[in-house]
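Chemist: I am sharing my_file.pdb, which consists of PDB, C-alpha atoms:
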```pdb
ATOM      1  CA  VAL W   1     114.351  99.344 103.755
ATOM      2  CA  VAL W   2     117.285  97.197 104.824
ATOM      3  CA  CYS W   3     114.933  94.954 106.805
ATOM      4  CA  PHE W   4     112.811  94.418 103.707
ATOM      5  CA  GLN W   5     115.898  93.480 101.698
ATOM      6  CA  LEU W   6     116.799  90.996 104.436
ATOM      7  CA  ASP W   7     113.350  89.511 103.987
ATOM      8  CA  LEU W   8     114.201  88.961 100.312
ATOM      9  CA  LEU W   9     117.392  87.197 101.358
ATOM     10  CA  LEU W  10     115.377  84.901 103.584
ATOM     11  CA  GLN W  11     112.950  83.926 100.806
ATOM     12  CA  ARG W  12     115.249  83.677  97.758
ATOM     13  CA  PRO W  13     113.536  81.736  94.931
ATOM     14  CA  GLY W  14     114.411  78.060  95.014
ATOM     15  CA  ARG W  15     115.512  78.146  98.654
ATOM     16  CA  ARG W  16     113.581  77.502 101.810
ATOM     17  CA  MET W  17     112.451  80.593 103.665
ATOM     18  CA  GLY W  18     114.248  81.598 106.844
ATOM     19  CA  ARG W  19     111.771  84.196 108.061
ATOM     20  CA  ARG W  20     110.187  81.787 110.525
ATOM     21  CA  ALA W  21     113.637  80.977 111.889
ATOM     22  CA  LEU W  22     113.930  84.665 112.795
ATOM     23  CA  ALA W  23     110.289  84.705 113.965
ATOM     24  CA  PHE W  24     109.376  87.841 111.997
ATOM     25  CA  GLN W  25     106.034  89.411 112.823
ATOM     26  CA  PRO W  26     103.872  90.252 109.786
ATOM     27  CA  VAL W  27     103.534  94.029 110.142
ATOM     28  CA  GLU W  28     105.328  96.913 111.764
ATOM     29  CA  ARG W  29     103.375 100.156 111.710
ATOM     30  CA  GLU W  30     105.237 103.446 111.817
ATOM     31  CA  LYS W  31     104.202 106.594 113.677
ATOM     32  CA  ASP W  32     103.289 108.331 110.434
ATOM     33  CA  GLY W  33     100.690 105.641 109.700
ATOM     34  CA  THR W  34     102.665 103.753 107.063
ATOM     35  CA  ALA W  35     103.076 100.028 107.448
ATOM     36  CA  ARG W  36     106.112  97.925 106.700
ATOM     37  CA  LEU W  37     104.810  94.631 105.332
ATOM     38  CA  VAL W  38     107.154  91.786 106.229
ATOM     39  CA  LEU W  39     104.907  88.841 105.573
ATOM     40  CA  ALA W  40     102.371  90.215 103.116
ATOM     41  CA  LEU W  41     100.707  86.853 102.562
ATOM     42  CA  GLN W  42      99.675  86.797 106.222
ATOM     43  CA  ALA W  43      98.907  90.490 106.580
ATOM     44  CA  HIS W  44      96.923  91.452 103.488
ATOM     45  CA  THR W  45      93.512  89.841 102.984
ATOM     46  CA  ALA W  46      93.663  90.078  99.196
ATOM     47  CA  LEU W  47      96.958  88.225  99.156
ATOM     48  CA  ILE W  48      95.704  85.625 101.630
ATOM     49  CA  LEU W  49      92.878  84.816  99.213
ATOM     50  CA  GLY W  50      95.437  84.486  96.453
ATOM     51  CA  ARG W  51      97.657  82.058  98.363
ATOM     52  CA  PRO W  52      96.513  78.978  96.362
ATOM     53  CA  PHE W  53      97.719  80.712  93.194
ATOM     54  CA  ARG W  54     101.144  81.680  94.537
ATOM     55  CA  GLY W  55     103.841  81.137  91.933
ATOM     56  CA  GLN W  56     101.473  81.544  88.980
ATOM     57  CA  PRO W  57     102.032  84.496  86.606
ATOM     58  CA  VAL W  58      99.041  86.552  87.779
ATOM     59  CA  PHE W  59     100.006  86.225  91.422
ATOM     60  CA  ARG W  60     103.542  87.372  90.728
ATOM     61  CA  ARG W  61     102.031  90.790  90.004
ATOM     62  CA  ALA W  62     100.518  90.897  93.501
ATOM     63  CA  ARG W  63     102.874  93.695  94.524
ATOM     64  CA  LEU W  64     100.760  95.961  92.302
ATOM     65  CA  VAL W  65      97.666  95.410  94.458
ATOM     66  CA  ILE W  66      99.203  96.551  97.757
ATOM     67  CA  PRO W  67      96.515  98.859  99.192
ATOM     68  CA  GLY W  68      98.862 101.616 100.407
ATOM     69  CA  ARG W  69      98.550 103.492  97.083
ATOM     70  CA  VAL W  70     102.262 104.245  97.167
ATOM     71  CA  GLN W  71     103.543 106.391  94.311
ATOM     72  CA  ARG W  72     107.183 105.294  94.484
ATOM     73  CA  GLN W  73     108.199 101.665  94.139
ATOM     74  CA  LEU W  74     111.205  99.458  93.490
ATOM     75  CA  ILE W  75     109.932  96.309  91.781
ATOM     76  CA  GLY W  76     111.928  93.322  90.635
ATOM     77  CA  VAL W  77     110.910  91.030  87.784
ATOM     78  CA  ALA W  78     112.635  87.749  86.957
ATOM     79  CA  ASN W  79     111.323  87.874  83.391
ATOM     80  CA  PRO W  80     112.538  91.012  81.572
ATOM     81  CA  LYS W  81     109.591  90.774  79.163
ATOM     82  CA  VAL W  82     107.311  91.697  82.067
ATOM     83  CA  ALA W  83     109.236  94.872  82.934
ATOM     84  CA  GLU W  84     107.650  97.110  80.305
ATOM     85  CA  LEU W  85     104.166  95.917  81.278
ATOM     86  CA  MET W  86     104.947  96.717  84.899
ATOM     87  CA  VAL W  87     106.102 100.238  84.068
ATOM     88  CA  THR W  88     103.051 100.878  81.900
ATOM     89  CA  THR W  89     100.766  99.694  84.705
ATOM     90  CA  LEU W  90     102.543 101.774  87.341
ATOM     91  CA  ARG W  91     102.277 104.891  85.167
ATOM     92  CA  ALA W  92      98.571 104.273  84.535
ATOM     93  CA  HIS W  93      97.959 104.010  88.293
ATOM     94  CA  GLY W  94      99.672 107.274  89.138
ATOM     95  CA  SER W  95     103.165 106.256  90.221
ATOM     96  CA  THR W  96     105.494 109.247  90.129
ATOM     97  CA  ARG W  97     108.743 107.317  90.351
ATOM     98  CA  ALA W  98     109.560 103.639  90.053
ATOM     99  CA  TRP W  99     112.357 101.301  89.139
ATOM    100  CA  VAL W 100     111.498  97.954  87.583
ATOM    101  CA  VAL W 101     114.659  95.871  87.757
ATOM    102  CA  ASN W 102     115.876  92.577  86.347
ATOM    103  CA  GLY W 103     119.130  91.070  87.520
ATOM    104  CA  GLY W 104     119.795  88.561  84.787
ATOM    105  CA  GLY W 105     116.960  86.274  85.820
ATOM    106  CA  LEU W 106     116.708  87.521  89.411
ATOM    107  CA  ASP W 107     113.849  89.787  90.498
ATOM    108  CA  GLU W 108     116.291  92.193  92.141
ATOM    109  CA  LEU W 109     119.485  94.034  91.356
ATOM    110  CA  THR W 110     122.256  91.452  91.166
ATOM    111  CA  THR W 111     125.902  91.479  92.149
ATOM    112  CA  VAL W 112     126.664  88.462  89.959
ATOM    113  CA  GLY W 113     126.603  90.611  86.805
ATOM    114  CA  THR W 114     124.801  93.649  85.476
ATOM    115  CA  SER W 115     121.134  94.511  85.956
ATOM    116  CA  THR W 116     118.669  96.265  83.675
ATOM    117  CA  VAL W 117     116.492  99.041  85.075
ATOM    118  CA  LEU W 118     113.388 100.654  83.595
ATOM    119  CA  GLU W 119     112.937 103.927  85.455
ATOM    120  CA  LEU W 120     109.639 105.810  85.561
ATOM    121  CA  VAL W 121     109.941 109.472  86.534
ATOM    122  CA  ASP W 122     106.973 111.829  86.243
ATOM    123  CA  GLY W 123     105.523 109.928  83.288
ATOM    124  CA  GLY W 124     108.768 109.475  81.384
ATOM    125  CA  VAL W 125     110.574 106.147  81.075
ATOM    126  CA  ARG W 126     114.247 105.463  80.488
ATOM    127  CA  SER W 127     116.356 102.320  80.552
ATOM    128  CA  PHE W 128     119.835 101.934  81.995
ATOM    129  CA  THR W 129     122.224  99.310  83.310
ATOM    130  CA  VAL W 130     123.585  98.933  86.830
ATOM    131  CA  ASP W 131     127.068  97.447  87.073
ATOM    132  CA  PRO W 132     128.089  96.668  90.675
ATOM    133  CA  LEU W 133     131.763  97.032  89.745
ATOM    134  CA  GLU W 134     131.172 100.733  89.066
ATOM    135  CA  LEU W 135     129.839 101.045  92.616
ATOM    136  CA  GLY W 136     132.835  99.367  94.206
ATOM    137  CA  ILE W 137     131.103  96.012  94.675
ATOM    138  CA  SER W 138     133.033  92.882  93.759
ATOM    139  CA  ARG W 139     131.357  90.353  91.509
ATOM    140  CA  ALA W 140     129.662  87.575  93.464
ATOM    141  CA  LEU W 141     129.463  83.952  92.440
ATOM    142  CA  PRO W 142     125.918  82.555  92.248
ATOM    143  CA  ALA W 143     126.819  79.913  94.832
ATOM    144  CA  GLU W 144     127.812  82.634  97.308
ATOM    145  CA  LEU W 145     124.254  83.984  97.335
ATOM    146  CA  GLU W 146     122.498  80.652  97.666
ATOM    147  CA  GLY W 147     120.709  79.759 100.839
ATOM    148  CA  GLY W 148     119.444  76.465 102.137
ATOM    149  CA  GLU W 149     117.413  75.403 105.135
ATOM    150  CA  PRO W 150     115.576  78.120 107.097
ATOM    151  CA  ALA W 151     118.156  78.084 109.882
ATOM    152  CA  GLU W 152     120.971  78.631 107.379
ATOM    153  CA  ASN W 153     119.191  81.552 105.727
ATOM    154  CA  ALA W 154     118.479  83.093 109.127
ATOM    155  CA  MET W 155     122.154  82.704 110.005
ATOM    156  CA  HIS W 156     123.154  84.689 106.901
ATOM    157  CA  ALA W 157     120.686  87.434 107.864
ATOM    158  CA  ARG W 158     122.013  87.587 111.427
ATOM    159  CA  ARG W 159     125.566  87.890 110.152
ATOM    160  CA  VAL W 160     124.625  90.799 107.911
ATOM    161  CA  LEU W 161     122.895  92.518 110.823
ATOM    162  CA  ALA W 162     125.947  91.918 113.002
ATOM    163  CA  GLY W 163     128.074  93.844 110.510
ATOM    164  CA  ASP W 164     129.728  91.030 108.580
ATOM    165  CA  HIS W 165     130.932  92.020 105.119
ATOM    166  CA  GLY W 166     130.560  89.821 102.065
ATOM    167  CA  PRO W 167     128.248  88.924  99.156
ATOM    168  CA  HIS W 168     125.029  88.923 101.201
ATOM    169  CA  ARG W 169     125.691  92.367 102.623
ATOM    170  CA  ASP W 170     126.673  93.673  99.182
ATOM    171  CA  ILE W 171     123.440  92.631  97.467
ATOM    172  CA  ILE W 172     121.338  93.944 100.350
ATOM    173  CA  LEU W 173     123.085  97.323 100.270
ATOM    174  CA  LEU W 174     122.706  97.529  96.492
ATOM    175  CA  ASN W 175     118.955  96.928  96.558
ATOM    176  CA  ALA W 176     118.328  98.977  99.697
ATOM    177  CA  GLY W 177     120.289 101.798  98.095
ATOM    178  CA  ALA W 178     118.092 101.586  95.004
ATOM    179  CA  ALA W 179     114.956 101.784  97.146
ATOM    180  CA  LEU W 180     116.331 104.884  98.855
ATOM    181  CA  VAL W 181     116.946 106.500  95.457
ATOM    182  CA  VAL W 182     113.395 105.772  94.321
ATOM    183  CA  SER W 183     112.003 107.104  97.596
ATOM    184  CA  GLY W 184     113.920 110.338  97.172
ATOM    185  CA  VAL W 185     116.081 109.861 100.259
ATOM    186  CA  ALA W 186     119.292 109.411  98.249
ATOM    187  CA  ALA W 187     120.439 111.212  95.102
ATOM    188  CA  ASP W 188     122.063 108.145  93.541
ATOM    189  CA  LEU W 189     122.915 104.511  94.197
ATOM    190  CA  SER W 190     126.259 105.259  95.815
ATOM    191  CA  ALA W 191     124.640 107.636  98.286
ATOM    192  CA  GLY W 192     121.822 105.193  98.955
ATOM    193  CA  MET W 193     124.270 102.419  99.740
ATOM    194  CA  VAL W 194     126.069 104.678 102.209
ATOM    195  CA  VAL W 195     122.800 105.372 104.040
ATOM    196  CA  ALA W 196     121.898 101.668 104.085
ATOM    197  CA  ALA W 197     125.351 100.693 105.357
ATOM    198  CA  ALA W 198     125.137 103.270 108.137
ATOM    199  CA  SER W 199     121.756 101.870 109.180
ATOM    200  CA  ILE W 200     123.221  98.380 109.507
ATOM    201  CA  ASP W 201     126.473  99.424 111.145
ATOM    202  CA  SER W 202     124.703 101.588 113.728
ATOM    203  CA  GLY W 203     122.797  98.546 114.948
ATOM    204  CA  ALA W 204     119.445 100.159 114.105
ATOM    205  CA  ASP W 205     118.390  97.383 111.742
ATOM    206  CA  ARG W 206     119.392  94.646 114.160
ATOM    207  CA  ARG W 207     117.284  96.265 116.888
ATOM    208  CA  ARG W 208     114.377  96.620 114.466
ATOM    209  CA  VAL W 209     114.522  92.929 113.556
ATOM    210  CA  MET W 210     114.738  91.928 117.212
ATOM    211  CA  THR W 211     111.513  93.823 117.933
ATOM    212  CA  LYS W 212     109.812  91.657 115.296
ATOM    213  CA  ALA W 213     111.085  88.435 116.769
ATOM    214  CA  ARG W 214     109.164  86.457 119.304
ATOM    215  CA  ALA W 215     110.650  86.278 122.765
TER
END
```
Take the structure from the file and write it as structure tokens.

Modeler:
Amino acid sequence: VVCFQLDLLLQRPGRRMGRRALAFQPVEREKDGTARLVLALQAHTALILGRPFRGQPVFRRARLVIPGRVQRQLIGVANPKVAELMVTTLRAHGSTRAWVVNGGGLDELTTVGTSTVLELVDGGVRSFTVDPLELGISRALPAELEGGEPAENAMHARRVLAGDHGPHRDIILLNAGAALVVSGVAADLSAGMVVAAASIDSGADRRRVMTKARA
């Protein structure tokens, strides 16, 4: 989960991707048969065919066509008007639990301000707000989360993996924690963030990323 959130850091909208600077491989398959998609555009045939349309509204819903038939998802939408449509679609396709989040224009939970969440649980939908201050996270400035060239973005990712604290780590822990809540691993965001932090601080995520990198 933390590795996937790092991938989001490396491809922040409006910045150049840093995934190639870390030499991520497209897929890591787990022993239980599940696959962690790191570069979905290269790994999933349906998304490869859609590459020419990347950035257009229809393609932005590509996360709904992932073939794993997962029933629990954390999905970010930059446009809050799309959130209700996403939840309706997820419910129609059998999702048992999902969070569709909007971070004030970001398609993820933000640490710059508050985020809005539409939560789907067993067919019911509720809306609530996530305030990072209530979770012990200091407000970040937008400039603190900006990336740049691929090498710079990769540097930020390496620092997070090395245990550095700061805005990048905070936003990764927040979103990884949310994913752990949706998956049922954590009871709430605070608990999810603790699990995510332990994964980073143990070195497990750094080792996992290194196995994806080319020699």

Chemist: Evaluate the PyMOL selection byres ((chain W and resi 162) around 8) on the structure here and hand back the selected residues as a VMD selection string.

Modeler: chain W and resid 158 to 161 163 to 164 200 to 201 203 206

Chemist: Given the file shown, enumerate the residues that the PyMOL selection byres ((chain W and resi 174) around 9) captures and present them as a ChimeraX atom specification.

Modeler: /W:109-111,132,135,137,169-173,175-179,189-190,192-193,196

Chemist: Which residues come within 6 Å of W:Ser115, counting all atoms listed in the file, excluding same-chain residues fewer than 2 positions away, as a PDB file with C-alpha atoms, in the frame of the given file?

Modeler:
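Saved as part_16.pdb:
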```pdb
ATOM      1  CA  ASN W 102     115.876  92.577  86.347  1.00  0.00           C
ATOM      2  CA  GLY W 103     119.130  91.070  87.520  1.00  0.00           C
ATOM      3  CA  LEU W 109     119.485  94.034  91.356  1.00  0.00           C
ATOM      4  CA  THR W 129     122.224  99.310  83.310  1.00  0.00           C
ATOM      5  CA  VAL W 130     123.585  98.933  86.830  1.00  0.00           C
TER       6      VAL W 130
END
```

Chemist: Might you pull out every residue within 7 Å of W:Arg72, with all atoms listed in the file counted and same-chain residues fewer than 3 positions away left off, and present them as a list in words?

Modeler: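 Within the cut-off, the hits are Ser95, Thr96, Arg97, Ala98, Val182 and Ser183 of chain W.
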
Chemist: Include C-alpha atoms and write out the residues we just selected as an mmCIF file, in the coordinates of the input.

Modeler:
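File written: result17.cif
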```
data_model
loop_
_atom_site.group_PDB
_atom_site.id
_atom_site.type_symbol
_atom_site.label_atom_id
_atom_site.label_comp_id
_atom_site.auth_asym_id
_atom_site.auth_seq_id
_atom_site.Cartn_x
_atom_site.Cartn_y
_atom_site.Cartn_z
ATOM 1 C CA SER W 95 103.165 106.256 90.221
ATOM 2 C CA THR W 96 105.494 109.247 90.129
ATOM 3 C CA ARG W 97 108.743 107.317 90.351
ATOM 4 C CA ALA W 98 109.560 103.639 90.053
ATOM 5 C CA VAL W 182 113.395 105.772 94.321
ATOM 6 C CA SER W 183 112.003 107.104 97.596
#
```

Chemist: Go through the shown structure with the PyMOL selection byres ((chain W and resi 89) around 12) and write out the matching residues as a PyMOL selection string.

Modeler: chain W and resi 61+63-65+82-88+90-96+98+100+120+123

Chemist: One decimal, Å: what's the distance from atom CA of W:Ala151 over to atom CA of W:Val77, could you say?

Modeler: 26.6 Å

Chemist: Can you tell me how far atom CA of W:Trp99 sits from atom CA of W:Gln73, in Å to one decimal?

Modeler: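 Distance reported for this atom pair: 6.5 Å.
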
Chemist: Can you work out which one of W:Val117, W:Met210, W:Val70, W:Val194 has the shortest atom-to-atom distance to W:Gly104, counting all atoms listed in the file?

Modeler: W:Val117

Chemist: Just to confirm, what's the straight-line distance from atom CA of W:Lys81 to atom CA of W:Glu119 in Å (one decimal)?

Modeler: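 Straight-line distance from atom CA of W:Lys81 to atom CA of W:Glu119 works out to 15.0 Å.
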
Chemist: Give me the box for stretch 179-183 of chain W as AutoDock Vina command-line options, namely the centre and edge lengths in Å to one decimal of a box along x, y and z that holds every listed atom plus 5 Å on each side.

Modeler:
```
--center_x 114.5 --center_y 104.4 --center_z 96.6 --size_x 14.9 --size_y 15.3 --size_z 14.5
```

Chemist: So, with only C-alpha atoms as the atoms that count, which of W:Val101, W:Leu180, W:Asp131, W:Gly166 lies closest to W:Thr114?

Modeler: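 Ranked by minimum distance to W:Thr114, first place goes to W:Asp131.
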
Chemist: Given the choices W:Pro167, W:Gly105, W:Gly124, W:Gly113, which gets closest to W:Glu146 if the distance is worked out from only C-alpha atoms?

Modeler: W:Pro167
